[in-house]
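What follows is one structure encoded as structure tokens, with my remarks underneath.
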Amino acid sequence: MKNLILSAACGLDSKSIEFFLKSLRKYYKGEICFIINKGDLKIKKFLKIYNCHFVETKTHKFDVQVKRYELYLKFILEKNYNKILVCDSRDIYFQSDPFLFEYKGDINFFLEGKKIKECPFNTNWIKKTYGQKIYESLSDKIINCSGTTIGTYNSMKKYFELIIQHSRKYKYKKKLKYLLTFRRDKGGRGADQAYANYIVHNKLINNSYLYPNDYGPIATVFYLNKISFNQENKLINLSNIPYSIVHQYDKRWDEFKDSVTKIKKNLDID
């Protein structure tokens, strides 16, 4: 059976996802689907070059981070996939085919290496969705990154369903000034992190596995302890094994600049 990669690029330009797609297509020839805005005409053309599907939405780019799970679920229904990877796009590049790794769980999550209480963003998202009591129950847990999750068709379908249920039941509570003026509270943009961490740490999906940031196949580098590259300019974990996916490399740009520049040059990216 075929595999599938799901991502979103609402409001982005083609340059923002070029590194993602060129590095991915170097290793992976299977199906890819992007969520894009209806007006993203240049992105549509760009995605066709790389043989990608796309789903159009009118959702604002600040809201799509939570809304995307509904669109992902709708896309996979009535289809048949072996494994599905859902991931961000703008700040990700690939070092191998992510489906070749032998994952231990039916669904696999990737930890960031810091406790929730040590991150003001994750603290805010959980407090503003689930409230103080739930936050206290999760605060000592290691942050799970919602920007990369991979699993079997059925487990990912369950994951999408749970995210949707929780996002409807525990909506992000806007600051009063935004409520009074009917404006969008940008602080809630990453609230899917709250839902994902609740689902993960409460083990709501059977046979899930959590990979540590320092040793797993996916690096979320903002909190990564050690940044180290091999002779091919690939980021390696503490077992000296190249990660399959590198996420958030732009947040440690000083350390990634030289290696990423060389990789992009080999991929013919300016």
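Just remember, in the structure tokens the first chain shown is A, the second B, etc., residues are 1-based per chain, and ligands are 1-based in the order shown.
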- request: Can you pull out every residue within 8 Å of Asn207 of chain A, counting only C-alpha atoms, but drop anything in the same chain fewer than 5 positions away, and send it as a PyMOL selection string?
  value: chain A and resi 105-107
- prompt: What residues in segment 22-149 of chain A get the DSSP label helix (DSSP H, G or I)? Please answer as a PyMOL selection string.
  reply: chain A and resi 22-27+41-49+64-76+116-118+120-129+132-138
Spatial neighbours of Ser23 of chain A, max dist 9 Å, only C-alpha atoms, sep filter under 2 positions, as a list in words: Glu18, Phe19, Phe20, Leu21, Arg25, Lys26, Tyr27, Tyr28, Tyr93, Phe94, Gln95, Ser96, Ile263, Lys264 and Leu267 of chain A
- prompt: Quick one: residues within 9 Å of Ile35 of chain A, only C-alpha atoms counted, chain neighbours fewer than 5 positions away excluded, as a ChimeraX atom specification?
  reply: /A:6-10,53-57,64,68,71-72
With N, CA and C atoms retained, could you export that selection as a PDB file, in the first residue's frame?
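File written: result.pdb
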ATOM      1  N   LEU A   6       1.076  14.665   4.600  1.00  0.00           N
ATOM      2  CA  LEU A   6       0.127  15.766   4.661  1.00  0.00           C
ATOM      3  C   LEU A   6       0.787  16.987   5.286  1.00  0.00           C
ATOM      4  N   SER A   7       0.584  18.143   4.653  1.00  0.00           N
ATOM      5  CA  SER A   7       1.143  19.375   5.197  1.00  0.00           C
ATOM      6  C   SER A   7       0.251  20.541   4.789  1.00  0.00           C
ATOM      7  N   ALA A   8       0.618  21.728   5.235  1.00  0.00           N
ATOM      8  CA  ALA A   8      -0.146  22.932   4.912  1.00  0.00           C
ATOM      9  C   ALA A   8       0.801  24.052   4.506  1.00  0.00           C
ATOM     10  N   ALA A   9       0.332  24.888   3.568  1.00  0.00           N
ATOM     11  CA  ALA A   9       1.156  26.004   3.103  1.00  0.00           C
ATOM     12  C   ALA A   9       0.293  27.235   2.845  1.00  0.00           C
ATOM     13  N   CYS A  10      -0.730  27.427   3.660  1.00  0.00           N
ATOM     14  CA  CYS A  10      -1.637  28.556   3.475  1.00  0.00           C
ATOM     15  C   CYS A  10      -0.908  29.883   3.674  1.00  0.00           C
ATOM     16  N   HIS A  53      -0.809  16.634  -4.549  1.00  0.00           N
ATOM     17  CA  HIS A  53      -2.213  16.988  -4.448  1.00  0.00           C
ATOM     18  C   HIS A  53      -2.330  18.269  -3.630  1.00  0.00           C
ATOM     19  N   PHE A  54      -3.471  18.933  -3.729  1.00  0.00           N
ATOM     20  CA  PHE A  54      -3.734  20.047  -2.822  1.00  0.00           C
ATOM     21  C   PHE A  54      -5.227  20.147  -2.556  1.00  0.00           C
ATOM     22  N   VAL A  55      -5.537  20.638  -1.361  1.00  0.00           N
ATOM     23  CA  VAL A  55      -6.907  20.886  -0.935  1.00  0.00           C
ATOM     24  C   VAL A  55      -7.026  22.361  -0.635  1.00  0.00           C
ATOM     25  N   GLU A  56      -8.009  23.014  -1.226  1.00  0.00           N
ATOM     26  CA  GLU A  56      -8.176  24.454  -1.045  1.00  0.00           C
ATOM     27  C   GLU A  56      -9.109  24.764   0.124  1.00  0.00           C
ATOM     28  N   THR A  57      -8.795  25.846   0.823  1.00  0.00           N
ATOM     29  CA  THR A  57      -9.614  26.280   1.942  1.00  0.00           C
ATOM     30  C   THR A  57      -9.678  27.807   1.964  1.00  0.00           C
ATOM     31  N   VAL A  64      -5.485  28.069  10.324  1.00  0.00           N
ATOM     32  CA  VAL A  64      -5.382  26.775   9.640  1.00  0.00           C
ATOM     33  C   VAL A  64      -4.608  25.743  10.448  1.00  0.00           C
ATOM     34  N   ARG A  68      -6.619  22.517  10.028  1.00  0.00           N
ATOM     35  CA  ARG A  68      -6.058  21.574   9.050  1.00  0.00           C
ATOM     36  C   ARG A  68      -6.421  20.121   9.346  1.00  0.00           C
ATOM     37  N   LEU A  71      -9.441  19.076   7.534  1.00  0.00           N
ATOM     38  CA  LEU A  71      -9.169  18.919   6.106  1.00  0.00           C
ATOM     39  C   LEU A  71      -8.361  17.655   5.835  1.00  0.00           C
ATOM     40  N   TYR A  72      -7.424  17.341   6.723  1.00  0.00           N
ATOM     41  CA  TYR A  72      -6.658  16.101   6.592  1.00  0.00           C
ATOM     42  C   TYR A  72      -7.584  14.896   6.678  1.00  0.00           C
TER      43      TYR A  72
END
Which residues in segment 52-269 of chain A does DSSP call strand (DSSP E or B)? List them as a short mmCIF file (atom, residue, chain, number, x, y, z; two decimals) with C-alpha atoms, in the first residue's frame.
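Below you can see result.cif, which holds the result:
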data_model
loop_
_atom_site.label_atom_id
_atom_site.label_comp_id
_atom_site.auth_asym_id
_atom_site.auth_seq_id
_atom_site.Cartn_x
_atom_site.Cartn_y
_atom_site.Cartn_z
CA HIS A 53 -2.21 16.99 -4.45
CA PHE A 54 -3.73 20.05 -2.82
CA VAL A 55 -6.91 20.89 -0.93
CA GLU A 56 -8.18 24.45 -1.04
CA THR A 57 -9.61 26.28 1.94
CA LYS A 83 1.30 5.04 6.79
CA ILE A 84 0.65 8.76 7.02
CA LEU A 85 3.02 11.52 8.06
CA VAL A 86 1.55 14.88 9.05
CA CYS A 87 4.08 17.68 9.32
CA ILE A 92 11.30 21.38 7.67
CA TYR A 93 13.74 19.58 5.39
CA PHE A 94 14.34 15.88 4.81
CA ILE A 107 1.36 6.07 15.96
CA ASN A 108 4.64 7.83 16.75
CA PHE A 109 5.18 11.15 18.47
CA PHE A 110 8.37 13.17 18.78
CA LEU A 111 9.38 14.99 21.94
CA GLU A 112 11.18 18.32 22.05
CA GLY A 113 13.38 17.73 25.10
CA LYS A 114 11.90 20.37 27.42
CA LYS A 115 9.12 20.17 29.97
CA ILE A 142 8.08 16.62 27.97
CA ILE A 143 6.69 18.73 25.11
CA ASN A 144 5.36 16.71 22.19
CA CYS A 145 5.74 18.47 18.85
CA SER A 146 2.50 18.48 16.84
CA GLY A 147 4.52 19.52 13.78
CA THR A 148 5.59 15.93 13.06
CA THR A 149 3.50 12.80 13.68
CA ILE A 150 3.58 9.51 11.78
CA GLY A 151 1.52 6.35 12.03
CA THR A 152 -0.72 3.78 10.41
CA SER A 208 1.61 4.92 20.68
CA TYR A 209 5.34 5.52 21.03
CA LEU A 210 7.20 8.66 22.08
CA TYR A 211 10.66 9.26 20.63
CA ILE A 218 13.04 13.29 13.80
CA ALA A 219 14.74 16.36 15.27
CA THR A 220 12.81 19.33 16.59
CA PHE A 229 26.58 17.12 11.43
CA LEU A 235 22.22 16.42 11.20
CA ILE A 236 22.93 13.37 13.37
CA PRO A 242 21.24 10.96 10.59
CA ILE A 245 13.47 14.95 9.28
CA VAL A 246 14.90 18.23 10.56
CA HIS A 247 12.31 20.61 12.01
#
- prompt: Interatomic distance between atom CA of Lys104 of chain A and atom CA of Ile205 of chain A?
  reply: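 Rounded to one decimal, the two atoms are 14.0 Å apart.
Among the candidates A:Pro120, A:Pro98, A:Gly30, A:Gly11, the one nearest to Lys58 of chain A when counting only C-alpha atoms is A:Gly11.
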- prompt: Any idea what the distance is between atom CA of Asn230 of chain A and atom CA of Ser16 of chain A?
  reply: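 Rounded to one decimal, the two atoms are 25.6 Å apart.
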At a cut-off of 7 Å, using only C-alpha atoms, what residues contact Tyr249 of chain A? Leave out same-chain residues fewer than 4 positions from it and give the result as a PDB file with all heavy atoms, in the first residue's frame.
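result29.pdb was written with the following content:
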ATOM      1  N   ASP A  91       9.451  25.155   7.834  1.00  0.00           N
ATOM      2  CA  ASP A  91      10.685  25.024   8.619  1.00  0.00           C
ATOM      3  C   ASP A  91      11.158  23.576   8.730  1.00  0.00           C
ATOM      4  O   ASP A  91      11.748  23.183   9.729  1.00  0.00           O
ATOM      5  CB  ASP A  91      10.496  25.632  10.013  1.00  0.00           C
ATOM      6  CG  ASP A  91       9.344  24.987  10.792  1.00  0.00           C
ATOM      7  OD1 ASP A  91       8.622  24.158  10.215  1.00  0.00           O
ATOM      8  OD2 ASP A  91       9.186  25.320  11.982  1.00  0.00           O
ATOM      9  N   VAL A 221      14.543  21.033  16.519  1.00  0.00           N
ATOM     10  CA  VAL A 221      15.862  21.495  16.956  1.00  0.00           C
ATOM     11  C   VAL A 221      15.872  22.698  17.893  1.00  0.00           C
ATOM     12  O   VAL A 221      16.914  23.032  18.443  1.00  0.00           O
ATOM     13  CB  VAL A 221      16.782  21.783  15.747  1.00  0.00           C
ATOM     14  CG1 VAL A 221      16.858  20.593  14.820  1.00  0.00           C
ATOM     15  CG2 VAL A 221      16.327  23.015  14.990  1.00  0.00           C
ATOM     16  N   TRP A 253      19.546  29.096  13.405  1.00  0.00           N
ATOM     17  CA  TRP A 253      20.127  29.350  12.097  1.00  0.00           C
ATOM     18  C   TRP A 253      21.646  29.505  12.128  1.00  0.00           C
ATOM     19  O   TRP A 253      22.344  29.050  11.214  1.00  0.00           O
ATOM     20  CB  TRP A 253      19.487  30.581  11.457  1.00  0.00           C
ATOM     21  CG  TRP A 253      20.001  30.860  10.086  1.00  0.00           C
ATOM     22  CD1 TRP A 253      20.654  31.969   9.642  1.00  0.00           C
ATOM     23  CD2 TRP A 253      19.915  29.990   8.941  1.00  0.00           C
ATOM     24  NE1 TRP A 253      20.978  31.859   8.311  1.00  0.00           N
ATOM     25  CE2 TRP A 253      20.542  30.653   7.862  1.00  0.00           C
ATOM     26  CE3 TRP A 253      19.385  28.723   8.729  1.00  0.00           C
ATOM     27  CZ2 TRP A 253      20.640  30.089   6.584  1.00  0.00           C
ATOM     28  CZ3 TRP A 253      19.478  28.146   7.461  1.00  0.00           C
ATOM     29  CH2 TRP A 253      20.103  28.830   6.409  1.00  0.00           C
ATOM     30  N   PHE A 256      23.047  26.166  11.811  1.00  0.00           N
ATOM     31  CA  PHE A 256      22.642  25.410  10.631  1.00  0.00           C
ATOM     32  C   PHE A 256      23.059  26.061   9.312  1.00  0.00           C
ATOM     33  O   PHE A 256      23.032  25.424   8.262  1.00  0.00           O
ATOM     34  CB  PHE A 256      21.123  25.215  10.621  1.00  0.00           C
ATOM     35  CG  PHE A 256      20.658  24.030  11.405  1.00  0.00           C
ATOM     36  CD1 PHE A 256      20.503  24.105  12.771  1.00  0.00           C
ATOM     37  CD2 PHE A 256      20.390  22.820  10.773  1.00  0.00           C
ATOM     38  CE1 PHE A 256      20.089  23.018  13.506  1.00  0.00           C
ATOM     39  CE2 PHE A 256      19.975  21.718  11.496  1.00  0.00           C
ATOM     40  CZ  PHE A 256      19.819  21.815  12.862  1.00  0.00           C
TER      41      PHE A 256
END
- prompt: Quick one: residues within 10 Å of Glu70 of chain A, only C-alpha atoms counted, chain neighbours fewer than 2 positions away excluded, as a count of residues only?
  reply: 13
task: One decimal, Å: what's the distance from atom CA of Asp88 of chain A over to atom CA of Cys119 of chain A, could you say?
output: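 Between atom CA of Asp88 of chain A and atom CA of Cys119 of chain A the gap works out to 19.6 Å.
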- prompt: Taking only C-alpha atoms into account, which of A:Asp192, A:Asp270, A:Asp97, A:Glu255 comes nearest Asn122 of chain A?
  reply: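 Distance minimum relative to Asn122 of chain A lands on A:Asp192.
Minimum atom-to-atom distances from A:Asn80, A:Asn225, A:Asn240, A:Asn37 to His60 of chain A were compared using only C-alpha atoms, and the lowest value belongs to A:Asn37.
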